[in-house]
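Chemist: Structure supplied as protein.cif; contents: mmCIF, C-alpha atoms.
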data_model
#
loop_
_atom_site.label_atom_id
_atom_site.label_comp_id
_atom_site.auth_asym_id
_atom_site.auth_seq_id
_atom_site.Cartn_x
_atom_site.Cartn_y
_atom_site.Cartn_z
CA MET A 1479 137.54 83.43 164.94
CA ALA A 1480 136.64 83.99 161.34
CA ARG A 1481 134.18 82.10 159.16
CA HIS A 1482 135.81 81.28 155.85
CA SER A 1483 135.51 79.05 152.85
CA GLY A 1484 139.01 80.16 151.94
CA GLY A 1485 140.95 83.38 151.54
CA ARG A 1486 138.73 86.43 151.10
CA GLY A 1487 135.61 84.56 150.00
CA TRP A 1488 133.37 86.50 152.38
CA TYR A 1489 134.55 89.80 150.92
CA GLY A 1490 133.05 89.14 147.52
CA LYS A 1491 129.71 88.39 149.14
CA VAL A 1492 129.54 91.54 151.24
CA LEU A 1493 130.95 93.77 148.52
CA GLY A 1494 127.89 93.09 146.40
CA ALA A 1495 125.61 93.94 149.30
CA ALA A 1496 127.61 97.08 150.01
CA LEU A 1497 126.98 98.42 146.51
CA GLY A 1498 123.27 98.47 147.20
CA VAL A 1499 123.68 100.89 150.08
CA THR A 1500 126.58 103.00 148.87
CA LEU A 1501 124.35 106.06 148.71
CA LEU A 1502 123.84 105.83 152.44
CA ALA A 1503 127.49 106.72 152.88
CA THR A 1504 127.19 109.93 150.83
CA GLY A 1505 127.80 112.90 153.05
CA ALA A 1506 128.70 110.78 156.08
CA SER A 1507 131.38 112.42 158.17
CA VAL A 1508 134.67 110.75 159.00
CA TRP A 1509 135.21 110.89 162.69
CA THR A 1510 138.77 110.53 163.99
CA ALA A 1511 138.27 110.97 167.72
CA GLN A 1512 137.11 108.38 170.22
CA ALA A 1513 133.90 110.35 170.88
CA GLY A 1514 131.81 113.07 169.25
CA ALA A 1515 128.36 114.63 169.13
CA VAL A 1516 125.77 114.78 166.40
CA GLY A 1517 122.15 113.70 166.08
CA GLY A 1518 120.75 110.55 164.49
CA SER A 1519 117.92 108.04 164.54
CA THR A 1520 117.42 105.81 167.56
CA PRO A 1521 118.33 102.11 167.09
CA LYS A 1522 115.73 99.49 167.98
CA THR A 1523 117.24 98.53 171.31
CA THR A 1524 117.41 99.76 174.87
CA THR A 1525 120.96 98.59 175.55
CA SER A 1526 123.13 101.10 173.69
CA ALA A 1527 126.21 102.47 175.45
CA LYS A 1528 125.23 106.08 174.77
CA PRO A 1529 122.27 107.74 173.08
CA VAL A 1530 122.69 108.25 169.35
CA SER A 1531 122.80 112.02 169.93
CA ALA A 1532 126.17 111.48 171.66
CA VAL A 1533 127.90 109.97 168.62
CA LYS A 1534 128.70 111.00 165.08
CA PRO A 1535 127.74 108.70 162.19
CA VAL A 1536 130.39 107.38 159.79
CA ALA A 1537 130.27 105.74 156.37
CA VAL A 1538 128.43 102.43 156.06
CA THR A 1539 130.82 100.91 153.53
CA ILE A 1540 133.27 98.23 154.71
CA VAL A 1541 136.70 99.78 155.15
CA HIS A 1542 140.05 98.16 154.36
CA ALA A 1543 142.31 101.12 153.56
CA SER A 1544 144.97 102.40 155.94
CA ASP A 1545 145.20 105.97 157.18
CA LYS A 1546 148.92 105.76 156.39
CA GLY A 1547 148.33 105.60 152.66
CA ALA A 1548 149.73 103.26 150.03
CA ARG A 1549 152.47 101.81 152.26
CA GLY A 1550 150.25 101.59 155.30
CA VAL A 1551 149.43 98.32 157.08
CA ASN A 1552 146.64 97.83 159.62
CA ILE A 1553 147.16 95.20 162.30
CA THR A 1554 143.81 93.96 163.63
CA VAL A 1555 143.44 91.50 166.49
CA ASP A 1556 140.18 89.63 167.09
CA ASP A 1557 138.21 87.77 169.74
CA GLY A 1558 139.83 88.98 172.96
CA PRO A 1559 140.74 90.27 175.31
CA ASP A 1560 142.27 87.15 176.81
CA PRO A 1561 144.25 87.19 180.09
CA GLU A 1562 147.01 84.95 178.71
CA TRP A 1563 147.45 86.10 175.13
CA THR A 1564 146.40 89.75 174.98
CA PRO A 1565 149.24 90.89 177.28
CA GLN A 1566 151.74 89.01 175.11
CA VAL A 1567 150.37 90.61 171.94
CA LEU A 1568 150.56 94.01 173.63
CA ASP A 1569 154.18 93.36 174.59
CA VAL A 1570 155.17 92.56 171.00
CA LEU A 1571 153.34 95.59 169.64
CA ARG A 1572 155.05 97.81 172.20
CA GLU A 1573 158.45 96.29 171.40
CA PHE A 1574 158.17 97.37 167.76
CA GLY A 1575 156.22 100.58 168.31
CA VAL A 1576 153.13 99.39 166.45
CA LYS A 1577 149.54 100.40 167.12
CA ALA A 1578 146.71 97.98 166.35
CA THR A 1579 142.94 97.71 166.32
CA PHE A 1580 141.50 95.23 168.82
CA CYS A 1581 138.15 93.74 167.78
CA MET A 1582 136.72 92.67 171.11
CA VAL A 1583 133.92 90.26 171.94
CA GLY A 1584 131.55 91.88 174.41
CA THR A 1585 131.58 89.08 176.96
CA GLN A 1586 135.39 89.01 176.93
CA ALA A 1587 135.60 92.76 177.44
CA GLU A 1588 133.13 92.57 180.30
CA ALA A 1589 135.12 89.77 181.93
CA HIS A 1590 138.51 91.52 181.57
CA PRO A 1591 138.05 95.29 181.88
CA ASP A 1592 141.64 95.71 183.07
CA LEU A 1593 142.87 94.42 179.72
CA VAL A 1594 140.51 96.69 177.77
CA LYS A 1595 141.92 99.65 179.69
CA LYS A 1596 145.49 98.49 178.98
CA VAL A 1597 144.74 98.31 175.26
CA VAL A 1598 143.39 101.86 175.30
CA ALA A 1599 146.23 103.18 177.48
CA ALA A 1600 148.76 101.80 174.99
CA GLY A 1601 147.22 103.87 172.19
CA HIS A 1602 145.40 101.11 170.34
CA ARG A 1603 141.86 101.39 169.00
CA LEU A 1604 138.76 99.41 169.94
CA CYS A 1605 136.40 97.57 167.63
CA ASP A 1606 133.02 95.99 168.39
CA HIS A 1607 133.07 92.28 167.45
CA SER A 1608 129.57 91.49 168.77
CA VAL A 1609 128.51 89.94 172.07
CA SER A 1610 128.74 86.25 171.29
CA HIS A 1611 130.76 85.97 168.06
CA ASP A 1612 127.90 84.43 166.13
CA THR A 1613 129.16 83.88 162.58
CA THR A 1614 125.57 83.32 161.40
CA MET A 1615 124.42 86.81 162.38
CA ASP A 1616 123.63 87.60 158.76
CA LYS A 1617 120.93 84.91 158.89
CA LYS A 1618 119.32 86.28 162.05
CA SER A 1619 116.65 88.93 162.64
CA GLU A 1620 117.43 92.63 162.72
CA ALA A 1621 116.44 92.69 166.39
CA TYR A 1622 119.03 89.99 167.12
CA GLN A 1623 121.73 91.80 165.13
CA SER A 1624 120.93 95.05 166.92
CA LYS A 1625 121.22 93.46 170.35
CA GLU A 1626 124.52 91.76 169.50
CA ILE A 1627 126.08 94.97 168.18
CA LEU A 1628 124.75 97.47 170.70
CA ASP A 1629 125.17 95.29 173.79
CA ALA A 1630 128.80 94.68 172.79
CA GLU A 1631 129.28 98.40 172.24
CA ARG A 1632 128.01 99.04 175.77
CA MET A 1633 130.13 96.26 177.31
CA ILE A 1634 133.31 97.46 175.63
CA THR A 1635 132.66 101.11 176.45
CA GLU A 1636 131.97 100.35 180.09
CA ALA A 1637 135.01 98.06 180.36
CA SER A 1638 137.27 100.72 178.83
CA GLY A 1639 136.14 103.37 181.25
CA GLY A 1640 134.24 105.33 178.62
CA VAL A 1641 136.23 104.91 175.41
CA ARG A 1642 133.93 103.78 172.62
CA PRO A 1643 134.73 101.32 169.83
CA MET A 1644 135.56 103.08 166.57
CA TYR A 1645 134.80 100.14 164.27
CA TYR A 1646 132.46 97.17 163.95
CA ARG A 1647 133.67 93.86 162.54
CA ALA A 1648 131.01 91.23 162.00
CA PRO A 1649 132.06 87.77 163.21
CA GLY A 1650 133.24 85.80 160.20
CA GLY A 1651 132.43 88.75 157.98
CA ALA A 1652 128.70 88.16 158.47
CA PHE A 1653 127.73 91.74 157.65
CA THR A 1654 124.30 92.77 156.47
CA PRO A 1655 123.14 96.12 155.09
CA PHE A 1656 121.23 96.56 158.35
CA SER A 1657 124.19 95.78 160.62
CA ARG A 1658 126.49 98.08 158.71
CA LYS A 1659 123.99 100.94 158.78
CA LEU A 1660 123.37 100.44 162.51
CA ALA A 1661 127.07 100.32 163.37
CA ALA A 1662 127.79 103.38 161.24
CA SER A 1663 124.98 105.30 162.95
CA ARG A 1664 126.81 104.60 166.22
CA GLY A 1665 130.11 105.96 164.89
CA MET A 1666 131.57 102.49 164.26
CA ARG A 1667 132.94 102.04 160.74
CA PRO A 1668 132.35 98.52 159.37
CA LEU A 1669 135.77 96.89 159.22
CA GLY A 1670 136.85 94.15 156.85
CA TRP A 1671 140.19 92.48 156.23
CA ASN A 1672 142.42 91.66 153.27
CA VAL A 1673 144.86 89.14 154.72
CA ASP A 1674 143.40 86.27 156.72
CA THR A 1675 146.45 84.80 158.43
CA LYS A 1676 144.46 81.69 159.44
CA ASP A 1677 146.30 81.87 162.76
CA PHE A 1678 143.19 80.54 164.53
CA GLU A 1679 143.87 77.19 162.83
CA ARG A 1680 147.39 77.11 164.33
CA PRO A 1681 149.12 76.19 161.06
CA GLY A 1682 152.54 77.01 162.47
CA THR A 1683 154.40 80.29 162.83
CA ASP A 1684 156.16 79.91 159.48
CA ALA A 1685 152.84 79.39 157.70
CA ILE A 1686 151.30 82.49 159.30
CA VAL A 1687 154.28 84.61 158.29
CA ALA A 1688 154.23 83.18 154.77
CA THR A 1689 150.53 83.99 154.42
CA VAL A 1690 151.17 87.62 155.33
CA GLU A 1691 153.99 87.92 152.81
CA ARG A 1692 152.01 86.21 150.05
CA GLU A 1693 148.70 88.04 150.54
CA LEU A 1694 149.74 91.54 151.60
CA PRO A 1695 149.51 92.75 147.97
CA ASN A 1696 145.76 92.06 148.28
CA GLY A 1697 145.36 94.92 150.73
CA PRO A 1698 146.61 96.45 153.97
CA THR A 1699 144.38 95.03 156.72
CA LEU A 1700 145.79 91.94 158.45
CA LEU A 1701 143.68 89.66 160.64
CA PHE A 1702 145.15 88.02 163.75
CA HIS A 1703 143.59 86.61 166.94
CA ASP A 1704 144.43 86.98 170.64
CA ALA A 1705 141.82 84.59 172.03
CA GLY A 1706 139.95 81.39 171.26
CA GLY A 1707 142.79 78.99 172.02
CA ASP A 1708 146.56 78.77 172.11
CA ARG A 1709 147.89 81.90 170.38
CA SER A 1710 151.61 81.31 170.88
CA GLN A 1711 152.04 80.98 167.10
CA THR A 1712 150.34 84.34 166.61
CA VAL A 1713 152.61 86.04 169.12
CA GLU A 1714 155.73 84.63 167.47
CA ALA A 1715 154.45 85.43 163.99
CA LEU A 1716 153.89 89.05 164.98
CA ARG A 1717 157.39 89.15 166.42
CA GLN A 1718 158.72 88.16 163.00
CA VAL A 1719 156.27 90.02 160.75
CA LEU A 1720 156.40 93.47 162.32
CA PRO A 1721 160.14 94.17 161.93
CA ARG A 1722 160.18 92.49 158.51
CA LEU A 1723 157.46 94.77 157.19
CA LYS A 1724 159.22 97.80 158.62
CA GLU A 1725 162.40 96.78 156.81
CA GLN A 1726 160.38 96.61 153.59
CA GLY A 1727 159.26 100.20 154.01
CA TYR A 1728 155.77 99.64 155.37
CA VAL A 1729 154.31 101.82 158.09
CA PHE A 1730 151.62 100.84 160.57
CA GLY A 1731 148.38 102.71 160.96
CA PHE A 1732 144.67 102.35 161.57
CA PRO A 1733 141.80 101.67 159.16
CA VAL A 1734 140.44 104.90 157.74
CA ARG A 1735 137.31 106.28 159.33
#
Please express what this file holds, its structure, as structure tokens.
Modeler:
Amino acid sequence: MARHSGGRGWYGKVLGAALGVTLLATGASVWTAQAGAVGGSTPKTTTSAKPVSAVKPVAVTIVHASDKGARGVNITVDDGPDPEWTPQVLDVLREFGVKATFCMVGTQAEAHPDLVKKVVAAGHRLCDHSVSHDTTMDKKSEAYQSKEILDAERMITEASGGVRPMYYRAPGGAFTPFSRKLAASRGMRPLGWNVDTKDFERPGTDAIVATVERELPNGPTLLFHDAGGDRSQTVEALRQVLPRLKEQGYVFGFPVR
């Protein structure tokens, strides 16, 4: 789940850090396939899913925009996969023809490879959400951050049958300049959010839906969860939100790469 002091408080913190490394993004290629090939520097770990030479770096800046443009909405789903709730989320997404980005915890992916493969087979994208969902990662050593990110990348890639995560979302938004640069060097665009539905707090389906409607003007990337507890409210909220947004003229896409 996310670490918050309310709303998008984490975003202001990481935006300032992002400005200091904006130049690192200059000239970085945007990679729209699940795999690619270009050289790069070797991360300080021995547990990466593939050598850096097998991936293409992307921008280090935290992305929020949708590849569908001004009326685009990105559905992102964190903390799974979970054997009870991920299939239900997948069912709702399929019902309304929506593709989403699943930010998976490495240990969950390793425990449920069948679900990772189902997510990929349904046309959704994968995102690295670290090994252990440590929301204090930004206070830990670079070696620790590297292990959390690259071990999760390996776990997810192996569980999927070879499909790599295309994004990295720090647990609770605990990005650092180092973690963003490392993820980007592995072809994983750092991924933020604009609308925190607070569904992990189980405030009620109506409250989750109301949060989406109230905060969507803040930006296109919506944060939901498919693990970490009872997610029945999330499933029902998605069932209400998806057709409602379609009726309002929104289209569903993926975060830009």
Chemist: Report, in Å to a single decimal, how far apart CA of Phe1653 (chain A) and CA of Leu1720 (chain A) are.
Modeler: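 Between CA of Leu1720 (chain A) and CA of Phe1653 (chain A) the gap works out to 29.1 Å.
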Chemist: For the provided coordinates, the residues matched by the PyMOL selection byres ((chain A and resi 1652) around 8) should be stated as a PDB file with C-alpha atoms, in the coordinates of the input.
Modeler:
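Result written to part13.pdb:
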ATOM      1  CA  TRP A1488     133.370  86.500 152.380  1.00  0.00           C
ATOM      2  CA  THR A1613     129.160  83.880 162.580  1.00  0.00           C
ATOM      3  CA  THR A1614     125.570  83.320 161.400  1.00  0.00           C
ATOM      4  CA  MET A1615     124.420  86.810 162.380  1.00  0.00           C
ATOM      5  CA  ASP A1616     123.630  87.600 158.760  1.00  0.00           C
ATOM      6  CA  ALA A1648     131.010  91.230 162.000  1.00  0.00           C
ATOM      7  CA  PRO A1649     132.060  87.770 163.210  1.00  0.00           C
ATOM      8  CA  GLY A1650     133.240  85.800 160.200  1.00  0.00           C
ATOM      9  CA  GLY A1651     132.430  88.750 157.980  1.00  0.00           C
ATOM     10  CA  PHE A1653     127.730  91.740 157.650  1.00  0.00           C
ATOM     11  CA  THR A1654     124.300  92.770 156.470  1.00  0.00           C
TER      12      THR A1654
END
Chemist: Given the PyMOL selection byres ((chain A and resi 1558) around 7) and the file above, list the residues it selects as a PyMOL selection string.
Modeler: chain A and resi 1556-1557+1559-1560+1564+1582-1583+1586+1704-1705
Chemist: Mind listing whatever residues come within 8 Å of the point (128.0, 102.8, 156.7)? Use all atoms listed in the file, file coordinates, and give them as a ChimeraX atom specification.
Modeler: /A:1500,1502-1503,1536-1540,1658-1663,1667-1668
Chemist: My list of candidates is A:Phe1678, A:Cys1581, A:Leu1701, A:Glu1573. Which is closest to Met1666 (chain A) when distances are computed with all atoms listed in the file?
Modeler: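 Nearest to Met1666 (chain A): A:Cys1581.
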Chemist: Enumerate, as a short mmCIF file (atom, residue, chain, number, x, y, z; two decimals) with C-alpha atoms, in the coordinates of the input, the residues matched when the PyMOL selection byres ((chain A and resi 1729) around 8) is run on the file above.
Modeler:
data_model
loop_
_atom_site.label_atom_id
_atom_site.label_comp_id
_atom_site.auth_asym_id
_atom_site.auth_seq_id
_atom_site.Cartn_x
_atom_site.Cartn_y
_atom_site.Cartn_z
CA LYS A 1546 148.92 105.76 156.39
CA ARG A 1549 152.47 101.81 152.26
CA GLY A 1550 150.25 101.59 155.30
CA VAL A 1551 149.43 98.32 157.08
CA LEU A 1723 157.46 94.77 157.19
CA LYS A 1724 159.22 97.80 158.62
CA GLY A 1727 159.26 100.20 154.01
CA TYR A 1728 155.77 99.64 155.37
CA PHE A 1730 151.62 100.84 160.57
CA GLY A 1731 148.38 102.71 160.96
#
Chemist: Edge lengths and centre in Å to one decimal, as lines of an AutoDock Vina configuration file, is what I'm after for the box along x, y and z that holds all listed atoms of region 1683-1692 of chain A once 5 Å is added on each side.
Modeler:
center_x = 153.3
center_y = 83.7
center_z = 156.4
size_x = 15.6
size_y = 18.5
size_z = 22.8
Chemist: Ranking A:Glu1679, A:Asp1684, A:Asp1674, A:Asp1629 by minimum distance to His1607 (chain A) and counting only C-alpha atoms, which one comes first?
Modeler: A:Asp1629
Chemist: I need the residue nearest Asp1569 (chain A) from this list: A:Asp1708, A:Glu1714, A:Glu1620, A:Glu1626. Use all atoms listed in the file for the distance.
Modeler: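 Closest to Asp1569 (chain A) of all the choices is A:Glu1714.
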Chemist: Within 12 Å of (145.3, 76.7, 162.3), all atoms listed in the file: residues as number ranges by chain?
Modeler: A: 1479-1480, 1674-1686, 1689, 1702-1703, 1706-1712
Chemist: Using Å and a single decimal, report how far CA of Tyr1645 (chain A) sits from CA of Gly1665 (chain A).
Modeler: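 Going from CA of Gly1665 (chain A) over to CA of Tyr1645 (chain A) covers 7.5 Å.
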Chemist: Could you tell me how far CA of Arg1735 (chain A) lies from CA of Arg1664 (chain A), in Å and to one decimal?
Modeler: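 Those two atoms sit 12.7 Å apart.
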Chemist: Quick one: residues within 12 Å of Glu1588 (chain A), only C-alpha atoms, excluding same-chain residues fewer than 2 positions away - as a PyMOL selection string?
Modeler: chain A and resi 1558-1560+1582-1586+1590-1595+1609-1610+1629-1639
Chemist: Can you work out which one of A:Gln1623, A:Ile1553, A:Pro1698, A:Val1719 has the shortest atom-to-atom distance to Pro1655 (chain A), counting only C-alpha atoms?
Modeler: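 Checking each of A:Gln1623, A:Ile1553, A:Pro1698, A:Val1719 against Pro1655 (chain A), counting only C-alpha atoms, the winner is A:Gln1623.
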Chemist: So, with all atoms listed in the file as the atoms that count, which of A:Leu1669, A:Ala1587, A:Leu1716, A:Cys1605 lies closest to Val1690 (chain A)?
Modeler: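 Closest to Val1690 (chain A) of all the choices is A:Leu1716.
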Chemist: Which one of A:His1542, A:Lys1596, A:Lys1577, A:Arg1722 sits closest to Pro1565 (chain A) if you count all atoms listed in the file?
Modeler: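 Checking each of A:His1542, A:Lys1596, A:Lys1577, A:Arg1722 against Pro1565 (chain A), counting all atoms listed in the file, the winner is A:Lys1596.
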